[in-house]
>>> print(open('protein07.cif').read())   # mmCIF, C-alpha atoms
data_data
loop_
_atom_site.group_PDB
_atom_site.id
_atom_site.type_symbol
_atom_site.label_atom_id
_atom_site.label_comp_id
_atom_site.auth_asym_id
_atom_site.auth_seq_id
_atom_site.Cartn_x
_atom_site.Cartn_y
_atom_site.Cartn_z
ATOM 1 C CA MET B 931 -14.043 -8.833 -18.303
ATOM 2 C CA ARG B 932 -10.306 -9.482 -18.464
ATOM 3 C CA VAL B 933 -8.325 -7.525 -15.852
ATOM 4 C CA ALA B 934 -4.583 -7.046 -15.289
ATOM 5 C CA ILE B 935 -3.335 -6.101 -11.828
ATOM 6 C CA THR B 936 0.041 -4.414 -11.410
ATOM 7 C CA GLY B 937 1.407 -5.074 -7.948
ATOM 8 C CA GLY B 938 -0.803 -8.147 -8.041
ATOM 9 C CA THR B 939 1.229 -10.022 -5.410
ATOM 10 C CA GLY B 940 1.216 -7.112 -2.957
ATOM 11 C CA PHE B 941 -1.268 -6.391 -0.192
ATOM 12 C CA VAL B 942 -4.217 -4.810 -1.995
ATOM 13 C CA GLY B 943 -3.375 -6.354 -5.360
ATOM 14 C CA SER B 944 -3.386 -9.898 -3.993
ATOM 15 C CA HIS B 945 -6.724 -9.341 -2.250
ATOM 16 C CA LEU B 946 -8.137 -8.002 -5.523
ATOM 17 C CA ALA B 947 -6.811 -11.010 -7.450
ATOM 18 C CA GLU B 948 -8.288 -13.371 -4.866
ATOM 19 C CA ARG B 949 -11.697 -11.685 -5.094
ATOM 20 C CA LEU B 950 -11.727 -11.793 -8.892
ATOM 21 C CA ALA B 951 -10.536 -15.423 -8.821
ATOM 22 C CA SER B 952 -10.807 -15.699 -12.583
ATOM 23 C CA PRO B 953 -8.640 -17.238 -15.302
ATOM 24 C CA ASN B 954 -9.127 -13.894 -17.049
ATOM 25 C CA THR B 955 -7.154 -12.100 -14.326
ATOM 26 C CA VAL B 956 -3.518 -11.316 -15.170
ATOM 27 C CA VAL B 957 -1.221 -10.762 -12.173
ATOM 28 C CA VAL B 958 1.726 -8.492 -12.994
ATOM 29 C CA SER B 959 4.613 -8.000 -10.559
ATOM 30 C CA ARG B 960 8.338 -8.505 -10.190
ATOM 31 C CA ARG B 961 7.551 -11.796 -8.500
ATOM 32 C CA THR B 962 5.810 -12.986 -11.674
ATOM 33 C CA GLY B 963 8.766 -11.868 -13.784
ATOM 34 C CA VAL B 964 7.480 -8.551 -15.169
ATOM 35 C CA ALA B 965 9.287 -5.354 -14.177
ATOM 36 C CA ILE B 966 7.018 -2.352 -13.764
ATOM 37 C CA ASP B 967 9.116 -0.281 -16.200
ATOM 38 C CA ASP B 968 9.403 -2.942 -18.947
ATOM 39 C CA VAL B 969 7.043 -1.674 -21.650
ATOM 40 C CA GLU B 970 7.458 -4.696 -23.912
ATOM 41 C CA ALA B 971 6.729 -7.212 -21.153
ATOM 42 C CA LEU B 972 3.812 -5.150 -19.890
ATOM 43 C CA THR B 973 2.354 -4.874 -23.401
ATOM 44 C CA ALA B 974 2.477 -8.650 -23.776
ATOM 45 C CA ALA B 975 0.839 -9.084 -20.367
ATOM 46 C CA PHE B 976 -1.928 -6.606 -21.250
ATOM 47 C CA GLU B 977 -2.917 -8.253 -24.552
ATOM 48 C CA GLY B 978 -6.662 -8.886 -24.539
ATOM 49 C CA VAL B 979 -7.115 -7.018 -21.265
ATOM 50 C CA ASP B 980 -10.121 -4.706 -20.847
ATOM 51 C CA ALA B 981 -8.944 -2.816 -17.756
ATOM 52 C CA VAL B 982 -5.800 -2.431 -15.658
ATOM 53 C CA ALA B 983 -5.813 -2.058 -11.869
ATOM 54 C CA HIS B 984 -2.568 -0.178 -11.235
ATOM 55 C CA CYS B 985 -1.746 -1.057 -7.612
ATOM 56 C CA ALA B 986 2.062 -1.149 -7.862
ATOM 57 C CA GLY B 987 4.075 1.043 -5.533
ATOM 58 C CA ILE B 988 6.648 1.152 -2.743
ATOM 59 C CA ASN B 989 6.729 2.968 0.586
ATOM 60 C CA ARG B 990 10.533 3.122 0.874
ATOM 61 C CA GLU B 991 13.410 3.319 -1.562
ATOM 62 C CA ILE B 992 16.039 0.606 -1.702
ATOM 63 C CA GLY B 993 18.759 0.277 -4.309
ATOM 64 C CA GLY B 994 17.417 1.015 -7.772
ATOM 65 C CA GLN B 995 13.823 0.824 -6.592
ATOM 66 C CA THR B 996 13.274 4.542 -6.140
ATOM 67 C CA PHE B 997 9.984 6.402 -5.864
ATOM 68 C CA GLU B 998 10.719 8.074 -9.199
ATOM 69 C CA LYS B 999 11.417 4.783 -10.966
ATOM 70 C CA VAL B 1000 8.485 2.823 -9.551
ATOM 71 C CA HIS B 1001 5.773 5.462 -9.246
ATOM 72 C CA VAL B 1002 6.569 7.785 -12.166
ATOM 73 C CA GLU B 1003 8.571 5.769 -14.699
ATOM 74 C CA GLY B 1004 6.551 2.678 -13.848
ATOM 75 C CA THR B 1005 3.263 4.475 -14.452
ATOM 76 C CA LYS B 1006 4.555 5.871 -17.757
ATOM 77 C CA ALA B 1007 5.397 2.324 -18.834
ATOM 78 C CA VAL B 1008 2.021 0.960 -17.711
ATOM 79 C CA LEU B 1009 0.162 3.659 -19.648
ATOM 80 C CA GLU B 1010 2.253 3.171 -22.796
ATOM 81 C CA ALA B 1011 1.766 -0.597 -22.632
ATOM 82 C CA ALA B 1012 -1.976 -0.142 -22.086
ATOM 83 C CA ARG B 1013 -2.241 2.055 -25.180
ATOM 84 C CA ARG B 1014 -0.236 -0.413 -27.284
ATOM 85 C CA ALA B 1015 -2.367 -3.331 -26.107
ATOM 86 C CA GLY B 1016 -5.648 -1.501 -26.687
ATOM 87 C CA VAL B 1017 -6.663 -1.369 -23.019
ATOM 88 C CA LYS B 1018 -9.574 1.023 -22.546
ATOM 89 C CA ARG B 1019 -9.588 1.717 -18.798
ATOM 90 C CA ILE B 1020 -7.079 2.135 -15.995
ATOM 91 C CA VAL B 1021 -7.829 2.291 -12.275
ATOM 92 C CA MET B 1022 -4.970 3.644 -10.177
ATOM 93 C CA LEU B 1023 -4.645 3.111 -6.439
ATOM 94 C CA SER B 1024 -2.981 6.209 -5.006
ATOM 95 C CA PHE B 1025 -2.560 7.730 -1.553
ATOM 96 C CA LEU B 1026 -5.078 10.007 0.138
ATOM 97 C CA ARG B 1027 -2.649 12.895 0.626
ATOM 98 C CA ALA B 1028 -0.473 12.521 -2.472
ATOM 99 C CA ARG B 1029 0.260 16.051 -3.659
ATOM 100 C CA PRO B 1030 3.018 18.171 -5.244
ATOM 101 C CA ASP B 1031 5.657 20.347 -3.616
ATOM 102 C CA CYS B 1032 5.292 18.998 -0.088
ATOM 103 C CA GLY B 1033 8.838 17.790 0.566
ATOM 104 C CA SER B 1034 8.051 14.053 0.527
ATOM 105 C CA GLY B 1035 9.294 11.972 -2.384
ATOM 106 C CA TYR B 1036 6.567 9.404 -1.790
ATOM 107 C CA HIS B 1037 3.721 11.933 -1.864
ATOM 108 C CA GLU B 1038 5.134 13.889 -4.789
ATOM 109 C CA THR B 1039 5.778 10.891 -7.044
ATOM 110 C CA LYS B 1040 2.369 9.405 -6.299
ATOM 111 C CA TRP B 1041 0.884 12.764 -7.343
ATOM 112 C CA ALA B 1042 3.018 12.833 -10.508
ATOM 113 C CA ALA B 1043 1.703 9.367 -11.356
ATOM 114 C CA GLU B 1044 -1.871 10.582 -10.836
ATOM 115 C CA GLU B 1045 -1.252 13.445 -13.255
ATOM 116 C CA LEU B 1046 0.098 11.034 -15.870
ATOM 117 C CA VAL B 1047 -3.049 8.931 -15.592
ATOM 118 C CA ARG B 1048 -5.323 11.966 -15.827
ATOM 119 C CA ALA B 1049 -3.518 13.093 -19.007
ATOM 120 C CA SER B 1050 -3.313 9.618 -20.573
ATOM 121 C CA GLY B 1051 -6.363 9.766 -22.817
ATOM 122 C CA LEU B 1052 -7.592 6.488 -21.314
ATOM 123 C CA ASP B 1053 -10.770 6.125 -19.313
ATOM 124 C CA TYR B 1054 -9.497 6.349 -15.758
ATOM 125 C CA THR B 1055 -10.350 6.319 -12.083
ATOM 126 C CA ILE B 1056 -7.863 7.428 -9.437
ATOM 127 C CA ILE B 1057 -8.630 6.152 -5.951
ATOM 128 C CA LYS B 1058 -6.882 8.221 -3.274
ATOM 129 C CA ALA B 1059 -6.952 5.719 -0.432
ATOM 130 C CA GLY B 1060 -6.327 6.278 3.233
ATOM 131 C CA MET B 1061 -5.258 3.573 5.681
ATOM 132 C CA ILE B 1062 -6.252 0.147 4.333
ATOM 133 C CA TYR B 1063 -5.997 -2.776 6.730
ATOM 134 C CA GLY B 1064 -6.465 -6.530 6.617
ATOM 135 C CA GLN B 1065 -4.512 -9.764 6.511
ATOM 136 C CA GLY B 1066 -0.993 -8.930 5.320
ATOM 137 C CA ASP B 1067 -1.150 -5.156 5.845
ATOM 138 C CA HIS B 1068 1.390 -2.904 7.558
ATOM 139 C CA MET B 1069 -0.904 -1.222 10.068
ATOM 140 C CA VAL B 1070 -2.362 -4.057 12.152
ATOM 141 C CA ASP B 1071 0.607 -6.306 11.362
ATOM 142 C CA HIS B 1072 3.320 -3.914 12.542
ATOM 143 C CA VAL B 1073 1.486 -2.542 15.566
ATOM 144 C CA THR B 1074 0.706 -6.089 16.728
ATOM 145 C CA LYS B 1075 4.270 -7.333 16.319
ATOM 146 C CA ALA B 1076 5.636 -4.181 17.971
ATOM 147 C CA VAL B 1077 3.480 -4.496 21.107
ATOM 148 C CA ARG B 1078 4.328 -8.200 21.323
ATOM 149 C CA THR B 1079 8.051 -7.405 21.097
ATOM 150 C CA TRP B 1080 8.563 -4.323 23.277
ATOM 151 C CA PRO B 1081 6.899 -3.130 26.500
ATOM 152 C CA ILE B 1082 6.962 0.510 25.327
ATOM 153 C CA PHE B 1083 5.220 1.899 22.247
ATOM 154 C CA ALA B 1084 6.139 5.359 20.923
ATOM 155 C CA THR B 1085 3.274 7.472 19.599
ATOM 156 C CA VAL B 1086 3.701 10.299 17.109
ATOM 157 C CA GLY B 1087 3.979 13.805 18.542
ATOM 158 C CA PHE B 1088 2.033 15.508 21.277
ATOM 159 C CA ARG B 1089 -1.219 16.200 19.448
ATOM 160 C CA GLU B 1090 -3.566 13.523 18.243
ATOM 161 C CA ARG B 1091 -3.898 12.850 14.534
ATOM 162 C CA THR B 1092 -6.878 11.041 13.093
ATOM 163 C CA VAL B 1093 -7.222 8.057 10.779
ATOM 164 C CA SER B 1094 -10.145 6.455 8.951
ATOM 165 C CA PRO B 1095 -9.165 2.788 8.491
ATOM 166 C CA VAL B 1096 -10.666 0.955 5.508
ATOM 167 C CA PRO B 1097 -11.079 -2.851 5.538
ATOM 168 C CA VAL B 1098 -9.310 -4.260 2.506
ATOM 169 C CA GLN B 1099 -12.507 -6.055 1.484
ATOM 170 C CA GLU B 1100 -14.285 -2.723 1.061
ATOM 171 C CA ALA B 1101 -11.305 -1.199 -0.755
ATOM 172 C CA VAL B 1102 -11.390 -4.109 -3.204
ATOM 173 C CA SER B 1103 -15.117 -3.586 -3.778
ATOM 174 C CA VAL B 1104 -14.435 0.023 -4.799
ATOM 175 C CA LEU B 1105 -11.638 -1.084 -7.134
ATOM 176 C CA ILE B 1106 -13.914 -3.623 -8.813
ATOM 177 C CA ALA B 1107 -16.677 -1.055 -9.253
ATOM 178 C CA ALA B 1108 -14.176 1.306 -10.882
ATOM 179 C CA LEU B 1109 -12.856 -1.454 -13.159
ATOM 180 C CA HIS B 1110 -16.429 -1.951 -14.360
ATOM 181 C CA GLY B 1111 -16.718 1.745 -15.184
ATOM 182 C CA ARG B 1112 -18.731 2.959 -12.182
ATOM 183 C CA LEU B 1113 -16.441 5.977 -11.590
ATOM 184 C CA PRO B 1114 -15.480 7.315 -15.045
ATOM 185 C CA ASP B 1115 -12.779 9.976 -15.333
ATOM 186 C CA ALA B 1116 -12.845 10.636 -11.608
ATOM 187 C CA THR B 1117 -10.461 11.140 -8.702
ATOM 188 C CA VAL B 1118 -12.137 9.897 -5.529
ATOM 189 C CA ALA B 1119 -11.226 9.637 -1.840
ATOM 190 C CA LEU B 1120 -11.467 6.250 -0.142
ATOM 191 C CA LEU B 1121 -11.998 6.562 3.614
ATOM 192 C CA GLY B 1122 -13.293 4.175 6.242
ATOM 193 C CA ALA B 1123 -16.634 4.458 7.976
ATOM 194 C CA GLU B 1124 -15.054 5.423 11.317
ATOM 195 C CA GLU B 1125 -12.723 8.341 11.983
ATOM 196 C CA LEU B 1126 -10.760 7.966 15.195
ATOM 197 C CA GLU B 1127 -7.615 9.260 16.823
ATOM 198 C CA LEU B 1128 -4.487 7.363 15.848
ATOM 199 C CA GLY B 1129 -3.748 6.593 19.508
ATOM 200 C CA THR B 1130 -7.209 5.072 19.909
ATOM 201 C CA ALA B 1131 -6.647 2.865 16.865
ATOM 202 C CA VAL B 1132 -3.266 1.680 18.171
ATOM 203 C CA ARG B 1133 -4.649 0.948 21.638
ATOM 204 C CA ARG B 1134 -7.511 -1.006 20.100
ATOM 205 C CA ILE B 1135 -5.049 -3.175 18.167
ATOM 206 C CA ALA B 1136 -2.930 -3.705 21.307
ATOM 207 C CA ARG B 1137 -6.005 -4.752 23.273
ATOM 208 C CA VAL B 1138 -6.982 -7.321 20.641
ATOM 209 C CA ALA B 1139 -3.374 -8.587 20.657
ATOM 210 C CA ASP B 1140 -3.723 -8.975 24.460
ATOM 211 C CA ARG B 1141 -0.919 -6.533 25.250
ATOM 212 C CA LYS B 1142 -0.758 -3.450 27.489
ATOM 213 C CA PRO B 1143 2.386 -1.541 26.524
ATOM 214 C CA LEU B 1144 3.337 1.787 27.994
ATOM 215 C CA PHE B 1145 2.398 4.390 25.370
ATOM 216 C CA VAL B 1146 4.892 7.262 25.256
ATOM 217 C CA PRO B 1147 4.407 10.331 23.039
ATOM 218 C CA VAL B 1148 7.650 11.399 21.362
ATOM 219 C CA PRO B 1149 8.564 14.285 19.031
ATOM 220 C CA VAL B 1150 7.975 13.738 15.324
ATOM 221 C CA TRP B 1151 11.711 13.962 14.617
ATOM 222 C CA THR B 1152 12.198 10.890 16.821
ATOM 223 C CA ILE B 1153 9.797 8.858 14.683
ATOM 224 C CA ARG B 1154 11.566 10.082 11.553
ATOM 225 C CA ALA B 1155 14.919 9.006 12.982
ATOM 226 C CA LEU B 1156 13.441 5.620 13.902
ATOM 227 C CA ALA B 1157 12.083 5.323 10.363
ATOM 228 C CA GLN B 1158 15.515 5.938 8.858
ATOM 229 C CA LEU B 1159 17.090 3.404 11.208
ATOM 230 C CA THR B 1160 14.520 0.683 10.493
ATOM 231 C CA GLU B 1161 14.730 1.311 6.739
ATOM 232 C CA TRP B 1162 18.461 0.588 7.017
ATOM 233 C CA LEU B 1163 18.099 -2.453 9.261
ATOM 234 C CA MET B 1164 14.826 -4.239 8.522
ATOM 235 C CA VAL B 1165 13.542 -6.235 5.552
ATOM 236 C CA VAL B 1166 10.185 -4.515 5.988
ATOM 237 C CA PRO B 1167 10.714 -1.442 8.186
ATOM 238 C CA LEU B 1168 8.833 -1.060 11.450
ATOM 239 C CA VAL B 1169 7.976 2.375 10.063
ATOM 240 C CA ALA B 1170 9.193 3.910 6.793
ATOM 241 C CA LYS B 1171 10.035 7.590 6.382
ATOM 242 C CA ALA B 1172 7.028 8.065 4.131
ATOM 243 C CA GLN B 1173 4.838 6.465 6.775
ATOM 244 C CA ALA B 1174 6.253 8.754 9.469
ATOM 245 C CA ARG B 1175 5.170 11.695 7.339
ATOM 246 C CA MET B 1176 1.723 10.176 6.910
ATOM 247 C CA LEU B 1177 1.285 9.601 10.627
ATOM 248 C CA ASP B 1178 2.462 13.127 11.405
ATOM 249 C CA GLU B 1179 -0.227 14.559 9.108
ATOM 250 C CA GLY B 1180 -3.033 12.149 9.927
ATOM 251 C CA VAL B 1181 -4.785 10.016 7.337
ATOM 252 C CA SER B 1182 -8.395 11.142 7.248
ATOM 253 C CA ASP B 1183 -8.568 14.086 4.814
ATOM 254 C CA PRO B 1184 -7.669 14.072 1.123
ATOM 255 C CA ALA B 1185 -5.108 16.603 -0.056
ATOM 256 C CA PRO B 1186 -5.806 18.131 -2.468
ATOM 257 C CA TYR B 1187 -9.576 17.773 -2.700
ATOM 258 C CA ALA B 1188 -10.972 14.533 -4.100
ATOM 259 C CA SER B 1189 -14.620 13.693 -4.695
ATOM 260 C CA ALA B 1190 -16.533 11.523 -2.265
ATOM 261 C CA LEU B 1191 -17.613 8.073 -3.350
ATOM 262 C CA PRO B 1192 -21.238 7.446 -4.292
ATOM 263 C CA GLN B 1193 -23.250 6.486 -1.238
ATOM 264 C CA ASP B 1194 -23.557 2.824 -2.198
ATOM 265 C CA LEU B 1195 -19.772 2.474 -2.566
ATOM 266 C CA LYS B 1196 -18.757 4.250 0.640
ATOM 267 C CA PRO B 1197 -17.196 1.888 3.212
ATOM 268 C CA LYS B 1198 -19.600 1.088 6.013
ATOM 269 C CA LEU B 1199 -17.634 -1.238 8.305
ATOM 270 C CA PRO B 1200 -16.155 0.301 11.482
ATOM 271 C CA PHE B 1201 -12.736 -0.547 12.894
ATOM 272 C CA THR B 1202 -13.989 -3.224 15.278
ATOM 273 C CA GLU B 1203 -12.074 -5.699 17.395
ATOM 274 C CA ASP B 1204 -13.423 -8.609 15.341
ATOM 275 C CA ARG B 1205 -12.055 -7.119 12.125
ATOM 276 C CA ILE B 1206 -8.741 -6.348 13.777
ATOM 277 C CA ARG B 1207 -8.580 -9.918 15.084
ATOM 278 C CA ALA B 1208 -9.071 -11.266 11.558
ATOM 279 C CA ALA B 1209 -6.001 -9.288 10.442
ATOM 280 C CA LEU B 1210 -3.671 -10.230 13.330
ATOM 281 C CA PRO B 1211 -0.345 -11.756 12.234
ATOM 282 C CA GLU B 1212 1.497 -14.589 13.903
ATOM 283 C CA GLY B 1213 4.500 -13.947 16.131
ATOM 284 C CA LYS B 1214 6.498 -10.813 16.780
ATOM 285 C CA PHE B 1215 9.598 -9.055 15.466
ATOM 286 C CA GLY B 1216 12.821 -11.050 15.637
ATOM 287 C CA LEU B 1217 16.218 -11.572 14.032
ATOM 288 C CA LYS B 1218 14.575 -12.855 10.842
ATOM 289 C CA ASP B 1219 13.256 -9.334 10.225
ATOM 290 C CA LEU B 1220 16.781 -7.869 10.013
ATOM 291 C CA ARG B 1221 18.136 -7.373 6.505
ATOM 292 C CA VAL B 1222 21.595 -8.727 7.347
ATOM 293 C CA VAL B 1223 20.194 -11.940 8.868
ATOM 294 C CA ASN B 1224 17.761 -12.360 5.984
ATOM 295 C CA SER B 1225 20.646 -11.937 3.565
ATOM 296 C CA TRP B 1226 22.687 -14.611 5.344
ATOM 297 C CA HIS B 1227 19.777 -17.025 5.200
ATOM 298 C CA ALA B 1228 19.286 -16.310 1.508
ATOM 299 C CA LYS B 1229 22.964 -17.008 0.813
ATOM 300 C CA GLY B 1230 22.666 -20.241 2.763
ATOM 301 C CA ARG B 1231 19.672 -21.338 0.713
ATOM 302 C CA ARG B 1232 21.534 -20.628 -2.523
ATOM 303 C CA THR B 1233 24.588 -22.555 -1.258
ATOM 304 C CA GLN B 1234 22.356 -25.519 -0.477
ATOM 305 C CA GLY B 1235 20.737 -25.342 -3.896
ATOM 306 C CA ALA B 1236 17.384 -24.044 -2.728
ATOM 307 C CA SER B 1237 15.314 -22.291 -5.362
ATOM 308 C CA GLY B 1238 12.866 -19.414 -5.223
ATOM 309 C CA PRO B 1239 13.063 -15.648 -5.215
ATOM 310 C CA LEU B 1240 14.753 -13.668 -2.492
ATOM 311 C CA PRO B 1241 12.562 -11.398 -0.392
ATOM 312 C CA THR B 1242 11.710 -8.198 -2.250
ATOM 313 C CA LEU B 1243 9.857 -5.015 -1.565
ATOM 314 C CA ASP B 1244 6.128 -5.416 -1.859
ATOM 315 C CA ASP B 1245 4.714 -4.318 -5.203
ATOM 316 C CA SER B 1246 1.698 -2.792 -3.523
ATOM 317 C CA SER B 1247 2.502 0.148 -1.303
ATOM 318 C CA ARG B 1248 0.897 -0.716 1.931
ATOM 319 C CA GLY B 1249 0.687 2.372 3.737
ATOM 320 C CA PRO B 1250 -0.423 3.046 6.175
ATOM 321 C CA ARG B 1251 -3.024 2.954 3.577
#
>>> encode(input="protein07.cif", output="structure tokens")
Amino acid sequence: MRVAITGGTGFVGSHLAERLASPNTVVVSRRTGVAIDDVEALTAAFEGVDAVAHCAGINREIGGQTFEKVHVEGTKAVLEAARRAGVKRIVMLSFLRARPDCGSGYHETKWAAEELVRASGLDYTIIKAGMIYGQGDHMVDHVTKAVRTWPIFATVGFRERTVSPVPVQEAVSVLIAALHGRLPDATVALLGAEELELGTAVRRIARVADRKPLFVPVPVWTIRALAQLTEWLMVVPLVAKAQARMLDEGVSDPAPYASALPQDLKPKLPFTEDRIRAALPEGKFGLKDLRVVNSWHAKGRRTQGASGPLPTLDDSSRGPR
């Protein structure tokens, strides 16, 4: 089977491409020179493809890369290109709580994209995923770097929310099953085997990272303000505004309702220290993570004749997902 992956250089997309490890796999992303809203380029990329894994997305807006353009207009382009190229099946990776009329551009545009897929006339599966973690994620990566950088860690609000973390390996297994037609014309929820309080998950990551920060609960508005600040300042924000909303709600129940996975496809691996350890990043936050410093370095590389793309937003919205 020949598969195309939009957002194929992002977190989940790259893990999917690595698992498939086939010359028949087509990786589509801005980093490979194909814009998500370029119907002609997408059509050419999809020629001879049997199924598309639509993993492209962003968790913050920057410049022209808006939620509307990437999630809605991008999905329209992917669907049109799939029809032109004769693709029979599309599998979309969405967010567990994507829904309309909730006041979050991220949630609402992800939902609008879901609706486009459901109305496309193609065989489809929509996977509403919760918090996916693994090497290169935002959850374990950012918590680890944060506790290595600062002695205090702010937790969201004064009541505990819950999460159900999914190892990326199990998420990829569900995607592959859907690409092979296991979940026809379905919208399903993807949750991890273990539901735990968000604070417990964060403390578990800190323990594996060999840090003991002071955990301080702060009002939700504080996290939202921090999210805005880090979106302005950081290449990849410590927390994005969409993520602040996710953490405030918890990430363990689909909204609206989505079907459960078949028993044999349900994730079975708990959020253990060994799995966290396998996802730990190197280092901590530093000046290189600031947008202004990154921009200076990029200008320096261009002045010196260095080649290669500048850092961009990830084509696979990472979450917490």
>>> resolve_selection(input="protein07.cif", expression="the PyMOL selection byres ((chain B and resi 1008-1019) around 9)", output="number ranges by chain")
B: 936, 966-984, 1003-1007, 1020-1021, 1046-1047, 1050, 1052-1055, 1109-1111, 1114
>>> resolve_selection(input="protein07.cif", expression="the PyMOL selection byres ((chain B and resi 1069) around 10)", output="VMD selection string")
chain B and resid 1061 to 1068 1070 to 1074 1095 1131 to 1132 1135 1168 to 1169 1209 to 1210 1248 to 1251
>>> closest_residue(input="protein07.cif", among="B:His1001, B:Lys1198, B:Lys1171, B:Lys1214", to="B:Ala1139", atoms="all atoms listed in the file")
B:Lys1214
>>> resolve_selection(input="protein07.cif", expression="the PyMOL selection byres ((chain B and resi 942) around 10)", output="PDB file with C-alpha atoms, in the coordinates of the input")
ATOM      1  CA  ILE B 935      -3.335  -6.101 -11.828  1.00  0.00           C
ATOM      2  CA  GLY B 937       1.407  -5.074  -7.948  1.00  0.00           C
ATOM      3  CA  GLY B 938      -0.803  -8.147  -8.041  1.00  0.00           C
ATOM      4  CA  THR B 939       1.229 -10.022  -5.410  1.00  0.00           C
ATOM      5  CA  GLY B 940       1.216  -7.112  -2.957  1.00  0.00           C
ATOM      6  CA  PHE B 941      -1.268  -6.391  -0.192  1.00  0.00           C
ATOM      7  CA  GLY B 943      -3.375  -6.354  -5.360  1.00  0.00           C
ATOM      8  CA  SER B 944      -3.386  -9.898  -3.993  1.00  0.00           C
ATOM      9  CA  HIS B 945      -6.724  -9.341  -2.250  1.00  0.00           C
ATOM     10  CA  LEU B 946      -8.137  -8.002  -5.523  1.00  0.00           C
ATOM     11  CA  ALA B 947      -6.811 -11.010  -7.450  1.00  0.00           C
ATOM     12  CA  GLU B 948      -8.288 -13.371  -4.866  1.00  0.00           C
ATOM     13  CA  CYS B 985      -1.746  -1.057  -7.612  1.00  0.00           C
ATOM     14  CA  ALA B 986       2.062  -1.149  -7.862  1.00  0.00           C
ATOM     15  CA  LEU B1023      -4.645   3.111  -6.439  1.00  0.00           C
ATOM     16  CA  ILE B1062      -6.252   0.147   4.333  1.00  0.00           C
ATOM     17  CA  TYR B1063      -5.997  -2.776   6.730  1.00  0.00           C
ATOM     18  CA  GLY B1064      -6.465  -6.530   6.617  1.00  0.00           C
ATOM     19  CA  GLN B1065      -4.512  -9.764   6.511  1.00  0.00           C
ATOM     20  CA  GLY B1066      -0.993  -8.930   5.320  1.00  0.00           C
ATOM     21  CA  ASP B1067      -1.150  -5.156   5.845  1.00  0.00           C
ATOM     22  CA  VAL B1098      -9.310  -4.260   2.506  1.00  0.00           C
ATOM     23  CA  GLN B1099     -12.507  -6.055   1.484  1.00  0.00           C
ATOM     24  CA  ALA B1101     -11.305  -1.199  -0.755  1.00  0.00           C
ATOM     25  CA  VAL B1102     -11.390  -4.109  -3.204  1.00  0.00           C
ATOM     26  CA  LEU B1105     -11.638  -1.084  -7.134  1.00  0.00           C
ATOM     27  CA  ASP B1245       4.714  -4.318  -5.203  1.00  0.00           C
ATOM     28  CA  SER B1246       1.698  -2.792  -3.523  1.00  0.00           C
ATOM     29  CA  SER B1247       2.502   0.148  -1.303  1.00  0.00           C
ATOM     30  CA  ARG B1248       0.897  -0.716   1.931  1.00  0.00           C
ATOM     31  CA  ARG B1251      -3.024   2.954   3.577  1.00  0.00           C
TER      32      ARG B1251
END
>>> residues_around(input="protein07.cif", residues="stretch 1033-1040 of chain B", least_positions_apart="3", cutoff="9 Å", atoms="only C-alpha atoms", output="ChimeraX atom specification")
/B:987-990,997-998,1000-1002,1024-1025,1027-1030,1043-1045,1171-1172,1175
>>> residues_around(input="protein07.cif", residues="B:Ile992", least_positions_apart="5", cutoff="12 Å", atoms="only C-alpha atoms", output="list in words")
Phe997, Glu998, Lys999, Val1000, Gln1158, Glu1161, Trp1162, Leu1163, Met1164, Val1165, Val1166, Pro1167, Ala1170, Arg1221, Thr1242, Leu1243 and Asp1244 of chain B
>>> atom_distance(input="protein07.cif", atom1="atom CA of B:Arg1091", atom2="atom CA of B:Ala1119")
18.2 Å
>>> atom_distance(input="protein07.cif", atom1="atom CA of B:Ala1123", atom2="atom CA of B:Asp1183")
13.0 Å
>>> atom_distance(input="protein07.cif", atom1="atom CA of B:Leu1177", atom2="atom CA of B:Arg1154")
10.3 Å
>>> residues_around(input="protein07.cif", residues="B:Val1077", least_positions_apart="6", cutoff="10 Å", atoms="only C-alpha atoms", output="ChimeraX atom specification")
/B:1083,1132-1133,1135-1137,1139-1145,1214-1215
>>> write_last_selection(input="protein07.cif", atoms="C-alpha atoms", output="PDB file, in the coordinates of the input")
ATOM      1  CA  PHE B1083       5.220   1.899  22.247  1.00  0.00           C
ATOM      2  CA  VAL B1132      -3.266   1.680  18.171  1.00  0.00           C
ATOM      3  CA  ARG B1133      -4.649   0.948  21.638  1.00  0.00           C
ATOM      4  CA  ILE B1135      -5.049  -3.175  18.167  1.00  0.00           C
ATOM      5  CA  ALA B1136      -2.930  -3.705  21.307  1.00  0.00           C
ATOM      6  CA  ARG B1137      -6.005  -4.752  23.273  1.00  0.00           C
ATOM      7  CA  ALA B1139      -3.374  -8.587  20.657  1.00  0.00           C
ATOM      8  CA  ASP B1140      -3.723  -8.975  24.460  1.00  0.00           C
ATOM      9  CA  ARG B1141      -0.919  -6.533  25.250  1.00  0.00           C
ATOM     10  CA  LYS B1142      -0.758  -3.450  27.489  1.00  0.00           C
ATOM     11  CA  PRO B1143       2.386  -1.541  26.524  1.00  0.00           C
ATOM     12  CA  LEU B1144       3.337   1.787  27.994  1.00  0.00           C
ATOM     13  CA  PHE B1145       2.398   4.390  25.370  1.00  0.00           C
ATOM     14  CA  LYS B1214       6.498 -10.813  16.780  1.00  0.00           C
ATOM     15  CA  PHE B1215       9.598  -9.055  15.466  1.00  0.00           C
TER      16      PHE B1215
END
>>> closest_residue(input="protein07.cif", among="B:Ala1116, B:Leu1159, B:Leu1026, B:Val1181", to="B:Ser1094", atoms="all atoms listed in the file")
B:Val1181
>>> closest_residue(input="protein07.cif", among="B:Gly1060, B:Pro1186, B:Gly1122, B:Gly1180", to="B:Trp1041", atoms="all atoms listed in the file")
B:Pro1186
>>> residues_around(input="protein07.cif", residues="B:Lys1196", least_positions_apart="3", cutoff="12 Å", atoms="all atoms listed in the file", output="number ranges by chain")
B: 1059, 1096-1097, 1100-1105, 1107, 1118-1124, 1189-1193, 1199-1200
